[in-house]
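Written out below as structure tokens is the structure these notes cover.
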Amino acid sequence: MDRRDEEESNPVAPDLLEHRDRLLALARRNLNPVLARRFSPEDVVQETLSAACRKIDFMQKRPDIPTYCKLRRLLFQTIADLERKNLQSRKRDAYREQEIADGGSVSSPGLDWNMFADTVTGPLTQLARQDRYELVRKTMESLPDNDREILELRHFDGMSNSECAEALHLTQKAASIRYVRALEHLKKQLIEFTEFRP
């Protein structure tokens, strides 16, 4: 039986592909830039889905935990394994590989700041896209860790409130309160700029 037949006969396989796009976005955001010279986000997602097919017990136990949260955990384990094998090893040191940068500012988590800026800026703003990028990035970085974390999960990872609650080990009500509070903190920071005042 080849790998494709094995995955098709796997009881958890049919539910996995619906999460592929979200996993790709998560991999793009969290893949170490040095490691990304060797592995693409697609490689990471493929390995994550393969691991999910192999770990049937993990995927099937605790049905109250959303499938995406389990896959998210496996994806982070996959990235950690790749980093351990490729960045901590002295064989073919990945840090020596060179890549030409585009000259733009790079955010450490690799977030899609332009997309997020579009969701929090009003139609009256006259800032250019790059200005919005920098503004939202700096504002997000100024927020407390708890606020920044839940905003990233909701807006960059596309996680639902229940998925955030599971990932952060909170009740759904507590996750909802934290999200609303974080959004208010973000808006208060942005309101200092004339373009964001009502």
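We name chains A, B, ... following the order of the structure tokens; residues begin at 1 in each chain, and ligands are numbered from 1 as shown.
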
Report as a Markdown table the residues of range 46-78 of chain A within 10 Å of range 149-170 of chain A, each with its shortest atom pair and distance in Å (one decimal), using only C-alpha atoms, ordered by chain and increasing residue number.
| residue | atom | partner | partner_atom | distance |
| --- | --- | --- | --- | --- |
| A:Asp64 | CA | A:Glu166 | CA | 9.5 |
| A:Ile65 | CA | A:Glu166 | CA | 6.9 |
| A:Pro66 | CA | A:Glu163 | CA | 6.5 |
| A:Thr67 | CA | A:Glu163 | CA | 9.1 |
| A:Tyr68 | CA | A:Glu163 | CA | 7.6 |
| A:Cys69 | CA | A:Glu163 | CA | 6.4 |
| A:Lys70 | CA | A:Ala167 | CA | 9.1 |
| A:Arg72 | CA | A:Ala167 | CA | 8.9 |
| A:Arg73 | CA | A:Ala167 | CA | 8.8 |

Checklist entry - Leu49 in chain A: which residues within 12 Å, counting only C-alpha atoms, same-chain residues fewer than 5 positions away excluded, as number ranges by chain? => result A: 7, 10, 12-20, 23-24, 42-44, 54-56, 59, 67-68, 70-75, 77-78

Would you save the residues from that selection as a PDB file, in the first residue's frame, using C-alpha atoms?
ATOM      1  CA  GLU A   7      -3.766   8.232   3.929  1.00  0.00           C
ATOM      2  CA  ASN A  10      -6.880   6.530   7.457  1.00  0.00           C
ATOM      3  CA  VAL A  12      -8.754  10.971  10.283  1.00  0.00           C
ATOM      4  CA  ALA A  13      -7.450  11.868   6.799  1.00  0.00           C
ATOM      5  CA  PRO A  14     -10.726  13.208   5.294  1.00  0.00           C
ATOM      6  CA  ASP A  15     -11.071  15.860   8.023  1.00  0.00           C
ATOM      7  CA  LEU A  16      -7.536  17.213   7.653  1.00  0.00           C
ATOM      8  CA  LEU A  17      -7.480  18.849   4.219  1.00  0.00           C
ATOM      9  CA  GLU A  18     -10.124  21.429   5.118  1.00  0.00           C
ATOM     10  CA  HIS A  19      -7.555  23.015   7.458  1.00  0.00           C
ATOM     11  CA  ARG A  20      -4.747  23.159   4.881  1.00  0.00           C
ATOM     12  CA  LEU A  23      -2.046  25.675   8.378  1.00  0.00           C
ATOM     13  CA  LEU A  24      -0.190  27.212   5.443  1.00  0.00           C
ATOM     14  CA  GLU A  42       4.022  23.650   2.014  1.00  0.00           C
ATOM     15  CA  ASP A  43       6.715  21.185   3.154  1.00  0.00           C
ATOM     16  CA  VAL A  44       5.881  21.918   6.783  1.00  0.00           C
ATOM     17  CA  ARG A  54       0.297   8.520  11.787  1.00  0.00           C
ATOM     18  CA  LYS A  55      -0.931   9.718  15.195  1.00  0.00           C
ATOM     19  CA  ILE A  56      -4.491   8.451  14.980  1.00  0.00           C
ATOM     20  CA  MET A  59      -6.213  12.947  16.669  1.00  0.00           C
ATOM     21  CA  THR A  67      -9.181  19.354  15.012  1.00  0.00           C
ATOM     22  CA  TYR A  68      -7.404  22.563  14.014  1.00  0.00           C
ATOM     23  CA  LYS A  70      -4.528  19.489  17.388  1.00  0.00           C
ATOM     24  CA  LEU A  71      -3.059  20.158  13.934  1.00  0.00           C
ATOM     25  CA  ARG A  72      -1.684  23.489  15.152  1.00  0.00           C
ATOM     26  CA  ARG A  73       0.172  21.695  17.948  1.00  0.00           C
ATOM     27  CA  LEU A  74       1.558  19.134  15.477  1.00  0.00           C
ATOM     28  CA  LEU A  75       2.688  21.927  13.141  1.00  0.00           C
ATOM     29  CA  GLN A  77       6.208  20.250  16.805  1.00  0.00           C
ATOM     30  CA  THR A  78       7.142  19.774  13.141  1.00  0.00           C
TER      31      THR A  78
END

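Picture a line from CA of Phe39 in chain A to CA of Arg148 in chain A; it runs 27.4 Å.
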
Next on the checklist: Please report the interatomic distance between CA of Leu82 in chain A and CA of Pro33 in chain A in Å with one decimal.
Outcome noted: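 Distance between the two atoms: 12.5 Å.
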
Checklist entry - Can you tell me how far CA of Arg62 in chain A sits from CA of Arg29 in chain A, in Å to one decimal? => result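 Between these atoms lies a distance of 27.3 Å.
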